[in-house]
file model.pdb (PDB, C-alpha atoms)
MODEL        1
ATOM      1  CA  MET A   5      65.830  32.770  26.956
ATOM      2  CA  THR A   6      63.104  30.618  25.488
ATOM      3  CA  GLU A   7      61.321  31.908  22.420
ATOM      4  CA  ASP A   8      57.626  31.294  21.963
ATOM      5  CA  PHE A   9      56.835  29.988  18.478
ATOM      6  CA  SER A  10      53.151  29.332  19.122
ATOM      7  CA  TYR A  11      50.513  31.178  17.127
ATOM      8  CA  ALA A  12      47.044  31.884  18.362
ATOM      9  CA  LEU A  13      44.117  31.017  16.110
ATOM     10  CA  PRO A  14      41.101  33.278  15.800
ATOM     11  CA  ALA A  15      37.666  31.963  16.608
ATOM     12  CA  ASN A  16      36.917  31.020  12.986
ATOM     13  CA  GLY A  17      39.932  28.661  12.790
ATOM     14  CA  ALA A  18      41.839  30.625  10.114
ATOM     15  CA  PHE A  19      45.526  31.477  10.531
ATOM     16  CA  VAL A  20      46.579  34.980  11.525
ATOM     17  CA  GLY A  21      47.710  37.063   8.586
ATOM     18  CA  ASP A  22      47.189  36.232   4.935
ATOM     19  CA  ALA A  23      47.588  32.453   5.284
ATOM     20  CA  GLU A  24      44.556  30.363   4.317
ATOM     21  CA  PRO A  25      43.448  27.234   6.197
ATOM     22  CA  ILE A  26      44.642  23.989   4.649
ATOM     23  CA  ALA A  27      41.101  22.770   4.050
ATOM     24  CA  VAL A  28      37.555  23.729   4.903
ATOM     25  CA  ARG A  29      35.655  21.049   6.742
ATOM     26  CA  ASP A  30      32.931  19.475   4.641
ATOM     27  CA  ASP A  31      30.519  17.200   6.483
ATOM     28  CA  ARG A  32      28.402  16.343   3.443
ATOM     29  CA  ALA A  33      28.098  12.724   2.370
ATOM     30  CA  GLY A  34      30.668  11.738  -0.261
ATOM     31  CA  LEU A  35      29.772  10.773  -3.839
ATOM     32  CA  LEU A  36      32.013   8.767  -6.165
ATOM     33  CA  VAL A  37      31.041   8.566  -9.848
ATOM     34  CA  VAL A  38      32.089   5.649 -12.041
ATOM     35  CA  GLY A  39      31.617   5.811 -15.784
ATOM     36  CA  ASP A  40      33.427   6.341 -19.068
ATOM     37  CA  ARG A  41      33.413   9.840 -20.563
ATOM     38  CA  VAL A  42      31.804  11.362 -17.473
ATOM     39  CA  ASP A  43      32.304  15.130 -17.290
ATOM     40  CA  ARG A  44      33.091  16.251 -13.747
ATOM     41  CA  ASP A  45      31.740  19.725 -14.490
ATOM     42  CA  ASP A  46      28.371  18.199 -15.405
ATOM     43  CA  ILE A  47      28.233  16.020 -12.308
ATOM     44  CA  LEU A  48      29.342  18.647  -9.788
ATOM     45  CA  PRO A  49      26.207  20.862  -9.835
ATOM     46  CA  VAL A  50      23.963  17.802  -9.649
ATOM     47  CA  ALA A  51      25.896  16.513  -6.637
ATOM     48  CA  ASP A  52      25.778  19.932  -4.970
ATOM     49  CA  ALA A  53      22.039  20.185  -5.537
ATOM     50  CA  ALA A  54      21.586  16.787  -3.870
ATOM     51  CA  GLY A  55      23.702  17.844  -0.895
ATOM     52  CA  LEU A  56      26.561  15.491  -1.754
ATOM     53  CA  ARG A  57      30.310  16.129  -1.880
ATOM     54  CA  LEU A  58      31.860  14.901  -5.112
ATOM     55  CA  LEU A  59      34.868  12.737  -4.259
ATOM     56  CA  GLY A  60      35.846  12.261  -7.876
ATOM     57  CA  THR A  61      35.104  10.450 -11.126
ATOM     58  CA  THR A  62      36.772   7.343 -12.504
ATOM     59  CA  SER A  63      36.471   5.133 -15.562
ATOM     60  CA  LEU A  64      35.060   1.621 -15.502
ATOM     61  CA  ALA A  65      38.514   0.156 -16.102
ATOM     62  CA  ASP A  66      40.056   2.073 -13.179
ATOM     63  CA  ALA A  67      37.079   1.632 -10.854
ATOM     64  CA  PRO A  68      38.133  -1.650  -9.140
ATOM     65  CA  ALA A  69      41.420  -0.143  -7.962
ATOM     66  CA  ARG A  70      39.760   3.128  -6.968
ATOM     67  CA  LEU A  71      37.158   1.281  -4.899
ATOM     68  CA  ASP A  72      39.902  -0.663  -3.121
ATOM     69  CA  ASP A  73      41.820   2.544  -2.365
ATOM     70  CA  GLN A  74      38.822   4.706  -1.425
ATOM     71  CA  THR A  75      38.781   4.921   2.363
ATOM     72  CA  HIS A  76      35.156   5.994   2.624
ATOM     73  CA  CYS A  77      32.317   6.562   0.184
ATOM     74  CA  ASP A  78      28.703   7.226   1.176
ATOM     75  CA  THR A  79      27.174   7.060  -2.303
ATOM     76  CA  LEU A  80      28.393   5.453  -5.523
ATOM     77  CA  LEU A  81      26.930   6.415  -8.910
ATOM     78  CA  LEU A  82      27.759   3.817 -11.557
ATOM     79  CA  PHE A  83      26.873   4.218 -15.238
ATOM     80  CA  CYS A  84      26.410   0.890 -17.053
ATOM     81  CA  PRO A  85      26.510   1.624 -20.803
ATOM     82  CA  SER A  86      27.080  -1.881 -22.177
ATOM     83  CA  ALA A  87      27.184  -5.439 -20.885
ATOM     84  CA  THR A  88      30.802  -6.557 -20.698
ATOM     85  CA  PRO A  89      32.778  -8.964 -18.467
ATOM     86  CA  THR A  90      34.423  -5.893 -16.908
ATOM     87  CA  LEU A  91      31.059  -4.433 -15.958
ATOM     88  CA  GLU A  92      29.850  -7.771 -14.594
ATOM     89  CA  ARG A  93      32.864  -8.100 -12.289
ATOM     90  CA  LEU A  94      32.535  -4.467 -11.231
ATOM     91  CA  LEU A  95      28.862  -4.882 -10.333
ATOM     92  CA  VAL A  96      29.676  -7.858  -8.130
ATOM     93  CA  GLN A  97      32.463  -5.890  -6.399
ATOM     94  CA  VAL A  98      30.236  -2.845  -5.885
ATOM     95  CA  GLU A  99      27.351  -4.821  -4.426
ATOM     96  CA  THR A 100      29.672  -6.785  -2.126
ATOM     97  CA  GLN A 101      31.201  -3.595  -0.762
ATOM     98  CA  ALA A 102      27.755  -1.993  -0.456
ATOM     99  CA  ILE A 103      26.526  -4.847   1.735
ATOM    100  CA  GLN A 104      29.662  -4.729   3.866
ATOM    101  CA  SER A 105      29.886  -0.946   4.274
ATOM    102  CA  GLY A 106      26.300   0.279   3.852
ATOM    103  CA  THR A 107      27.228   2.396   0.833
ATOM    104  CA  GLY A 108      24.263   3.663  -1.154
ATOM    105  CA  VAL A 109      24.616   2.593  -4.797
ATOM    106  CA  ILE A 110      22.883   4.057  -7.848
ATOM    107  CA  LEU A 111      23.144   1.921 -10.990
ATOM    108  CA  VAL A 112      22.248   3.737 -14.210
ATOM    109  CA  ALA A 113      21.493   1.086 -16.827
ATOM    110  CA  GLY A 114      20.090   1.038 -20.339
ATOM    111  CA  TRP A 115      17.923  -1.575 -21.994
ATOM    112  CA  ASP A 116      21.050  -3.535 -22.949
ATOM    113  CA  THR A 117      22.299  -3.742 -19.365
ATOM    114  CA  VAL A 118      19.192  -3.674 -17.154
ATOM    115  CA  GLU A 119      18.972  -7.479 -17.023
ATOM    116  CA  LEU A 120      22.598  -7.825 -15.914
ATOM    117  CA  ALA A 121      22.321  -5.010 -13.376
ATOM    118  CA  PHE A 122      19.104  -6.394 -11.891
ATOM    119  CA  ALA A 123      20.631  -9.853 -11.541
ATOM    120  CA  CYS A 124      23.587  -8.398  -9.606
ATOM    121  CA  VAL A 125      21.604  -6.213  -7.189
ATOM    122  CA  ARG A 126      21.832  -7.563  -3.640
ATOM    123  CA  SER A 127      22.099  -4.566  -1.326
ATOM    124  CA  PRO A 128      18.826  -3.144   0.062
ATOM    125  CA  TYR A 129      20.205   0.360  -0.526
ATOM    126  CA  THR A 130      20.955  -0.056  -4.232
ATOM    127  CA  GLN A 131      18.767   1.930  -6.601
ATOM    128  CA  LEU A 132      18.494   0.683 -10.172
ATOM    129  CA  LEU A 133      17.593   3.269 -12.810
ATOM    130  CA  CYS A 134      16.910   2.526 -16.468
ATOM    131  CA  ASP A 135      17.263   5.283 -19.035
ATOM    132  CA  PRO A 136      16.589   7.942 -16.379
ATOM    133  CA  ASP A 137      15.858  11.574 -17.108
ATOM    134  CA  ARG A 138      17.361  14.422 -15.085
ATOM    135  CA  THR A 139      14.608  14.433 -12.486
ATOM    136  CA  GLU A 140      14.842  10.682 -11.846
ATOM    137  CA  LEU A 141      18.608  10.907 -11.413
ATOM    138  CA  ALA A 142      18.282  13.890  -9.089
ATOM    139  CA  ALA A 143      15.636  12.072  -7.050
ATOM    140  CA  ALA A 144      17.910   9.034  -6.733
ATOM    141  CA  LEU A 145      20.805  11.181  -5.535
ATOM    142  CA  VAL A 146      18.627  12.927  -2.957
ATOM    143  CA  THR A 147      17.353   9.558  -1.750
ATOM    144  CA  ALA A 148      20.912   8.230  -1.515
ATOM    145  CA  GLY A 149      21.832  11.277   0.547
ATOM    146  CA  GLU A 150      19.458  10.127   3.274
ATOM    147  CA  ARG A 151      21.294   8.786   6.314
ATOM    148  CA  ARG A 152      21.524   4.993   6.310
ATOM    149  CA  PRO A 153      22.011   2.750   9.353
ATOM    150  CA  MET A 154      25.479   1.377   9.947
ATOM    151  CA  PRO A 155      26.182  -2.225   8.845
ATOM    152  CA  GLY A 156      24.959  -4.744  11.388
ATOM    153  CA  HIS A 157      22.363  -2.465  12.962
ATOM    154  CA  VAL A 158      18.817  -3.771  13.161
ATOM    155  CA  HIS A 159      16.372  -1.807  11.042
ATOM    156  CA  GLU A 160      13.027  -2.298   9.343
ATOM    157  CA  ILE A 161      13.831  -2.961   5.703
ATOM    158  CA  ASP A 162      10.216  -2.815   4.466
ATOM    159  CA  ARG A 163       9.457   0.516   6.143
ATOM    160  CA  GLU A 164      12.778   2.045   5.087
ATOM    161  CA  SER A 165      12.387   0.910   1.466
ATOM    162  CA  ALA A 166       8.865   2.294   1.292
ATOM    163  CA  ARG A 167       9.995   5.612   2.769
ATOM    164  CA  LEU A 168      12.881   5.971   0.329
ATOM    165  CA  GLN A 169      10.676   5.048  -2.624
ATOM    166  CA  GLN A 170       8.106   7.656  -1.588
ATOM    167  CA  LEU A 171      10.846  10.263  -1.148
ATOM    168  CA  SER A 172      12.254   9.512  -4.598
ATOM    169  CA  GLU A 173       8.845   9.795  -6.243
ATOM    170  CA  GLU A 174       8.023  13.036  -4.425
ATOM    171  CA  VAL A 175      11.336  14.641  -5.411
ATOM    172  CA  GLY A 176      10.814  13.557  -9.008
ATOM    173  CA  ARG A 177       7.336  15.052  -9.150
ATOM    174  CA  LEU A 178       8.550  18.284  -7.568
ATOM    175  CA  ALA A 179      11.414  18.613 -10.044
ATOM    176  CA  ARG A 180       9.103  17.993 -12.999
ATOM    177  CA  THR A 181       6.642  20.579 -11.722
ATOM    178  CA  ILE A 182       9.361  23.205 -11.315
ATOM    179  CA  ASP A 183      10.692  22.322 -14.759
ATOM    180  CA  ALA A 184       7.263  22.838 -16.330
ATOM    181  CA  LEU A 185       6.606  26.108 -14.506
ATOM    182  CA  THR A 186       9.950  27.725 -15.273
ATOM    183  CA  GLN A 187      10.293  26.249 -18.795
ATOM    184  CA  ARG A 188      14.024  25.905 -18.415
ATOM    185  CA  ASN A 189      16.254  25.537 -21.409
ATOM    186  CA  ARG A 190      16.773  21.781 -21.512
ATOM    187  CA  LEU A 191      19.830  22.055 -23.737
ATOM    188  CA  ALA A 192      21.677  23.923 -21.017
ATOM    189  CA  THR A 193      21.193  21.173 -18.453
ATOM    190  CA  PRO A 194      23.518  18.130 -18.303
ATOM    191  CA  SER A 195      21.856  15.086 -19.812
ATOM    192  CA  PHE A 196      22.312  11.586 -18.411
ATOM    193  CA  ASP A 197      19.996   9.840 -20.869
ATOM    194  CA  LEU A 198      21.237   6.478 -22.162
ATOM    195  CA  GLY A 199      18.504   6.035 -24.746
ATOM    196  CA  PRO A 200      14.760   6.324 -25.374
ATOM    197  CA  ARG A 201      12.460   6.103 -22.384
ATOM    198  CA  ILE A 202       9.740   3.513 -22.184
ATOM    199  CA  SER A 203       7.168   6.311 -22.389
ATOM    200  CA  ASP A 204       8.465   7.076 -25.884
ATOM    201  CA  ARG A 205       7.513   3.604 -27.062
ATOM    202  CA  PRO A 206       4.107   2.732 -28.566
ATOM    203  CA  SER A 207       1.546   2.517 -25.789
ATOM    204  CA  ASP A 208      -0.537  -0.311 -27.279
ATOM    205  CA  TYR A 209      -0.241  -3.368 -25.056
ATOM    206  CA  ILE A 210       0.488  -6.524 -27.033
ATOM    207  CA  GLY A 211       1.798  -8.825 -24.310
ATOM    208  CA  MET A 212       5.310 -10.178 -24.078
ATOM    209  CA  PRO A 213       6.570 -13.201 -26.051
ATOM    210  CA  ALA A 214       7.752 -16.371 -24.383
ATOM    211  CA  LEU A 215      11.447 -16.689 -23.602
ATOM    212  CA  ALA A 216      11.516 -20.376 -22.761
ATOM    213  CA  PRO A 217       8.886 -22.957 -21.779
ATOM    214  CA  ILE A 218       8.694 -23.961 -18.144
ATOM    215  CA  SER A 219       7.007 -26.864 -16.472
ATOM    216  CA  ALA A 220       3.277 -26.601 -16.007
ATOM    217  CA  ALA A 221       2.414 -24.612 -12.904
ATOM    218  CA  PRO A 222       0.264 -26.425 -10.372
ATOM    219  CA  ARG A 223      -3.307 -25.187 -10.376
ATOM    220  CA  PRO A 224      -5.552 -25.396  -7.326
ATOM    221  CA  THR A 225      -8.437 -27.784  -7.824
ATOM    222  CA  ASP A 226     -10.989 -25.139  -6.829
ATOM    223  CA  ALA A 227      -9.529 -22.430  -9.064
ATOM    224  CA  PRO A 228     -11.709 -21.201 -11.947
ATOM    225  CA  ALA A 229     -10.591 -22.013 -15.480
ATOM    226  CA  ILE A 230      -8.996 -18.840 -16.801
ATOM    227  CA  ALA A 231      -7.554 -18.570 -20.304
ATOM    228  CA  PRO A 232      -4.389 -16.511 -20.845
ATOM    229  CA  GLN A 233      -6.196 -14.553 -23.557
ATOM    230  CA  GLN A 234      -8.742 -13.348 -21.011
ATOM    231  CA  VAL A 235      -5.967 -11.858 -18.899
ATOM    232  CA  ARG A 236      -4.348 -10.256 -21.964
ATOM    233  CA  ASP A 237      -7.709  -8.798 -23.010
ATOM    234  CA  LEU A 238      -8.105  -7.252 -19.576
ATOM    235  CA  LEU A 239      -4.697  -5.622 -19.888
ATOM    236  CA  ARG A 240      -5.548  -4.286 -23.348
ATOM    237  CA  ALA A 241      -8.819  -2.877 -22.027
ATOM    238  CA  ARG A 242      -6.843  -1.044 -19.350
ATOM    239  CA  ARG A 243      -4.515   0.399 -21.988
ATOM    240  CA  ILE A 244      -7.231   1.878 -24.213
ATOM    241  CA  ARG A 245      -8.463   4.078 -21.362
ATOM    242  CA  ALA A 246      -5.702   6.499 -22.410
ATOM    243  CA  ASP A 247      -7.585   6.988 -25.709
ATOM    244  CA  PHE A 248     -10.483   8.565 -23.834
ATOM    245  CA  LEU A 249      -9.076   9.941 -20.556
ATOM    246  CA  PRO A 250      -5.648  11.121 -19.366
ATOM    247  CA  GLY A 251      -3.569   7.994 -18.969
ATOM    248  CA  ASP A 252      -1.550   9.232 -15.999
ATOM    249  CA  LEU A 253      -4.704   9.244 -13.878
ATOM    250  CA  PHE A 254      -4.841   5.454 -13.899
ATOM    251  CA  ALA A 255      -1.222   4.343 -13.526
ATOM    252  CA  ASP A 256      -1.275   1.070 -11.589
ATOM    253  CA  PRO A 257       2.013  -0.667 -12.436
ATOM    254  CA  ALA A 258       1.845  -3.267  -9.658
ATOM    255  CA  TRP A 259      -1.522  -4.589 -10.828
ATOM    256  CA  ASP A 260      -0.520  -4.534 -14.495
ATOM    257  CA  MET A 261       2.647  -6.496 -13.739
ATOM    258  CA  LEU A 262       0.775  -9.071 -11.675
ATOM    259  CA  LEU A 263      -1.718  -9.582 -14.502
ATOM    260  CA  ASP A 264       1.087  -9.940 -17.042
ATOM    261  CA  LEU A 265       2.817 -12.494 -14.833
ATOM    262  CA  LEU A 266      -0.442 -14.401 -14.420
ATOM    263  CA  ALA A 267      -0.921 -14.577 -18.186
ATOM    264  CA  ALA A 268       2.670 -15.769 -18.603
ATOM    265  CA  ARG A 269       2.151 -18.409 -15.925
ATOM    266  CA  LEU A 270      -0.937 -19.730 -17.708
ATOM    267  CA  GLU A 271       1.005 -19.747 -20.975
ATOM    268  CA  GLN A 272       3.930 -21.522 -19.263
ATOM    269  CA  GLU A 273       6.283 -18.703 -20.220
ATOM    270  CA  ARG A 274       9.123 -16.998 -18.406
ATOM    271  CA  VAL A 275       9.132 -13.214 -18.018
ATOM    272  CA  SER A 276      12.321 -11.180 -18.039
ATOM    273  CA  VAL A 277      12.808  -7.982 -16.076
ATOM    274  CA  SER A 278      12.776  -5.789 -19.187
ATOM    275  CA  SER A 279       9.586  -7.467 -20.451
ATOM    276  CA  LEU A 280       7.873  -6.843 -17.137
ATOM    277  CA  CYS A 281       8.922  -3.186 -17.220
ATOM    278  CA  ILE A 282       7.201  -2.810 -20.581
ATOM    279  CA  ALA A 283       4.067  -4.498 -19.267
ATOM    280  CA  ALA A 284       3.939  -1.989 -16.383
ATOM    281  CA  ALA A 285       3.342   0.877 -18.855
ATOM    282  CA  VAL A 286       5.323   3.352 -16.730
ATOM    283  CA  PRO A 287       8.875   4.705 -17.025
ATOM    284  CA  PRO A 288      11.342   1.833 -16.539
ATOM    285  CA  THR A 289      12.879   3.224 -13.355
ATOM    286  CA  THR A 290       9.418   3.376 -11.769
ATOM    287  CA  ALA A 291       8.703  -0.169 -12.927
ATOM    288  CA  LEU A 292      11.978  -1.403 -11.427
ATOM    289  CA  ARG A 293      11.092   0.138  -8.066
ATOM    290  CA  TRP A 294       7.730  -1.659  -8.127
ATOM    291  CA  ILE A 295       9.358  -4.970  -9.047
ATOM    292  CA  ARG A 296      11.605  -4.603  -6.030
ATOM    293  CA  THR A 297       8.633  -3.735  -3.803
ATOM    294  CA  LEU A 298       6.655  -6.751  -5.009
ATOM    295  CA  THR A 299       9.705  -8.956  -4.468
ATOM    296  CA  ASP A 300      10.317  -7.630  -0.952
ATOM    297  CA  LYS A 301       6.686  -8.301  -0.049
ATOM    298  CA  GLY A 302       6.919 -11.873  -1.363
ATOM    299  CA  LEU A 303       4.282 -11.410  -4.064
ATOM    300  CA  VAL A 304       6.727 -12.253  -6.855
ATOM    301  CA  GLU A 305       9.937 -14.279  -6.936
ATOM    302  CA  ARG A 306      13.293 -14.013  -8.638
ATOM    303  CA  GLN A 307      14.176 -17.107 -10.654
ATOM    304  CA  ALA A 308      17.718 -17.553 -11.911
ATOM    305  CA  ASP A 309      18.163 -18.394 -15.567
ATOM    306  CA  PRO A 310      19.840 -21.824 -15.512
ATOM    307  CA  GLN A 311      21.495 -21.105 -18.866
ATOM    308  CA  ASP A 312      22.655 -17.548 -18.183
ATOM    309  CA  GLY A 313      23.751 -16.442 -14.721
ATOM    310  CA  ARG A 314      23.603 -12.805 -15.815
ATOM    311  CA  ARG A 315      19.821 -12.832 -16.047
ATOM    312  CA  VAL A 316      16.942 -13.551 -13.717
ATOM    313  CA  PHE A 317      13.265 -14.060 -14.433
ATOM    314  CA  ILE A 318      10.318 -12.788 -12.422
ATOM    315  CA  ALA A 319       7.417 -15.098 -11.559
ATOM    316  CA  LEU A 320       4.355 -15.014  -9.340
ATOM    317  CA  ALA A 321       4.647 -16.587  -5.930
ATOM    318  CA  GLN A 322       2.324 -19.584  -5.582
ATOM    319  CA  GLU A 323       0.033 -17.841  -3.081
ATOM    320  CA  THR A 324      -0.182 -14.757  -5.301
ATOM    321  CA  ALA A 325      -1.135 -16.831  -8.332
ATOM    322  CA  GLU A 326      -3.869 -18.613  -6.388
ATOM    323  CA  ALA A 327      -5.206 -15.293  -5.055
ATOM    324  CA  LEU A 328      -5.384 -13.841  -8.571
ATOM    325  CA  MET A 329      -7.240 -16.900  -9.838
ATOM    326  CA  ARG A 330      -9.759 -16.569  -7.009
ATOM    327  CA  TRP A 331     -10.167 -12.880  -7.845
ATOM    328  CA  PHE A 332     -11.003 -13.744 -11.442
ATOM    329  CA  GLY A 333     -13.601 -16.220 -10.241
ATOM    330  CA  ALA A 334     -15.155 -13.702  -7.838
ATOM    331  CA  SER A 335     -15.264 -10.938 -10.460
ATOM    332  CA  ARG A 336     -16.916 -13.309 -12.929
ATOM    333  CA  ARG A 337     -19.661 -14.098 -10.472
ATOM    334  CA  LEU A 338     -20.327 -10.398  -9.869
ATOM    335  CA  LEU A 339     -20.574  -9.677 -13.585
ATOM    336  CA  ALA A 340     -22.862 -12.661 -14.156
ATOM    337  CA  ARG A 341     -25.542 -11.328 -11.780
TER
ENDMDL
END
call {"tool": "encode", "arguments": {"input": "model.pdb", "output": "structure tokens"}}
result
Amino acid sequence: MTEDFSYALPANGAFVGDAEPIAVRDDRAGLLVVGDRVDRDDILPVADAAGLRLLGTTSLADAPARLDDQTHCDTLLLFCPSATPTLERLLVQVETQAIQSGTGVILVAGWDTVELAFACVRSPYTQLLCDPDRTELAAALVTAGERRPMPGHVHEIDRESARLQQLSEEVGRLARTIDALTQRNRLATPSFDLGPRISDRPSDYIGMPALAPISAAPRPTDAPAIAPQQVRDLLRARRIRADFLPGDLFADPAWDMLLDLLAARLEQERVSVSSLCIAAAVPPTTALRWIRTLTDKGLVERQADPQDGRRVFIALAQETAEALMRWFGASRRLLAR
């Protein structure tokens, strides 16, 4: 006599009787968090709200081994509190794996680490945040939760980057609106702030100091003579509008950054990423997104610091500089009529 040891499963997949299934299937994208003193209980609700499955948290020191052992990770959230050799090596490892696997990376930097983080960014799906608030972090997580093409697949980088940037900004605005309407208790919400935001700094534009002289930039023979002070004065005039009208009505970070870079070019100065963020007069994470957009479109260029590989400078592309000079000449002629 042959005994039958098979057990039928009900339609929902659970075992007959009191036994529970070994695991419930979870098809959400996985999130791994890297950072020292990160509280899992604080991260979990944020991940759930973004539609991500928290795979775990790990310290910076243990992160290299965890990344090697992790079989699959859709999104990686990395907090960069201070510039150290360990962090530098970790950033290189993370970006290399992101390019190879298509992992979405979110780097949360402060003013002390934004230069290093920016210099290490290589993947088109890496988001760099600087001193983000809750809404900016939530927007980045939602954006990272968007489905990305598999490595090696052909896709339109410019269109995808623009779409993700728009999504991030829309989510941020929505979260801020809900926050204002409901007047939530901010002390009860996990904080991911690494320091003061750029909006907390004095709003008066004073221009950025030179970091190191560079060779004189070639100037087209037909370009009008423009003094750096004229460009700085234009930027200051744009800043004082906030003294008379709501400043958020006139946010134009791309134009402000281009003008600041033009003034620096005329002064034969180099401009760091953090300096350009200040010149943009918007929160640093927003400024970083615009720097990336301008770089992707070829309007500005990354220039490696020959004395420090952990930092890059931003400069106008030659065609952009010539176009701005022609614009100054055309605007002068209109005003002279």
call {"tool": "atom_distance", "arguments": {"input": "model.pdb", "atom1": "CA of Leu265 (chain A)", "atom2": "CA of Ser279 (chain A)"}}
result
10.1 Å
call {"tool": "closest_residue", "arguments": {"input": "model.pdb", "among": "A:Pro287, A:Ala123, A:Val235, A:Gly60", "to": "Trp259 (chain A)", "atoms": "only C-alpha atoms"}}
result
A:Val235
call {"tool": "closest_atom_pairs", "arguments": {"input": "model.pdb", "of": "region 30-103 of chain A", "to": "region 133-148 of chain A", "cutoff": "10 Å", "atoms": "all atoms listed in the file", "output": "CSV"}}
result
residue,atom,partner,partner_atom,distance
A:Ala33,CA,A:Ala148,CA,9.3
A:Leu35,CA,A:Leu145,CA,9.1
A:Val50,CA,A:Ala142,CA,6.9
A:Ala51,CA,A:Leu145,CA,7.5
A:Ala53,CA,A:Ala142,CA,8.1
A:Ala54,CA,A:Val146,CA,4.9
A:Gly55,CA,A:Val146,CA,7.4
A:Leu56,CA,A:Leu145,CA,8.1
A:Asp78,CA,A:Ala148,CA,8.3
A:Thr79,CA,A:Ala148,CA,6.4
A:Leu80,CA,A:Ala148,CA,8.9
A:Leu81,CA,A:Leu145,CA,8.5
A:Phe83,CA,A:Leu133,CA,9.6
A:Cys84,CA,A:Cys134,CA,9.7
call {"tool": "atom_distance", "arguments": {"input": "model.pdb", "atom1": "CA of Ser276 (chain A)", "atom2": "CA of Met329 (chain A)"}}
result
22.0 Å
call {"tool": "atom_distance", "arguments": {"input": "model.pdb", "atom1": "CA of Asp30 (chain A)", "atom2": "CA of Arg44 (chain A)"}}
result
18.7 Å
call {"tool": "resolve_selection", "arguments": {"input": "model.pdb", "expression": "the PyMOL selection byres ((chain A and resi 113) around 10)", "output": "list of chain:residue names"}}
result
A:Leu82, A:Phe83, A:Cys84, A:Pro85, A:Ser86, A:Ala87, A:Ile110, A:Leu111, A:Val112, A:Gly114, A:Trp115, A:Asp116, A:Thr117, A:Val118, A:Glu119, A:Leu120, A:Ala121, A:Phe122, A:Leu132, A:Leu133, A:Cys134, A:Asp135, A:Pro136, A:Asp197, A:Leu198, A:Gly199, A:Thr289
call {"tool": "residues_near_point", "arguments": {"input": "model.pdb", "point": "(10.0, 1.7, -11.2)", "cutoff": "12 Å", "atoms": "all atoms listed in the file", "output": "PyMOL selection string"}}
result
chain A and resi 131-136+140+144+169-170+172-173+202+255-258+261+277-278+280-298
call {"tool": "closest_residue", "arguments": {"input": "model.pdb", "among": "A:Ala267, A:Val37, A:Leu328, A:Ala308", "to": "Arg57 (chain A)", "atoms": "all atoms listed in the file"}}
result
A:Val37
call {"tool": "closest_residue", "arguments": {"input": "model.pdb", "among": "A:Thr61, A:Thr107, A:Thr299, A:Pro128", "to": "Val42 (chain A)", "atoms": "all atoms listed in the file"}}
result
A:Thr61
call {"tool": "residues_near_point", "arguments": {"input": "model.pdb", "point": "(-0.6, -9.7, -18.0)", "cutoff": "10 Å", "atoms": "only C-alpha atoms", "output": "count of residues only"}}
result
27
call {"tool": "residues_around", "arguments": {"input": "model.pdb", "residues": "region 67-73 of chain A", "least_positions_apart": "2", "cutoff": "8 Å", "atoms": "only C-alpha atoms", "output": "list in words"}}
result
Val38, Thr62, Ser63, Leu64, Ala65, Thr75, Leu94 and Gln97 of chain A
call {"tool": "closest_residue", "arguments": {"input": "model.pdb", "among": "A:Pro310, A:Lys301, A:Ser105, A:Ala231", "to": "Gly333 (chain A)", "atoms": "all atoms listed in the file"}}
result
A:Ala231
call {"tool": "closest_residue", "arguments": {"input": "model.pdb", "among": "A:Asp66, A:Gly313, A:Phe254, A:Pro49", "to": "Arg242 (chain A)", "atoms": "only C-alpha atoms"}}
result
A:Phe254
call {"tool": "residues_around", "arguments": {"input": "model.pdb", "residues": "Ile318 (chain A)", "least_positions_apart": "2", "cutoff": "7 Å", "atoms": "only C-alpha atoms", "output": "MDAnalysis selection string"}}
result
chainID A and resid 275:277 304:307 316
call {"tool": "write_last_selection", "arguments": {"input": "model.pdb", "atoms": "C-alpha atoms", "output": "compact mmCIF listing (two decimals), in the coordinates of the input"}}
result
# COMPACT_ATOMS: atom_id res chain seq x y z
CA VAL A 275 9.13 -13.21 -18.02
CA SER A 276 12.32 -11.18 -18.04
CA VAL A 277 12.81 -7.98 -16.08
CA VAL A 304 6.73 -12.25 -6.86
CA GLU A 305 9.94 -14.28 -6.94
CA ARG A 306 13.29 -14.01 -8.64
CA GLN A 307 14.18 -17.11 -10.65
CA VAL A 316 16.94 -13.55 -13.72
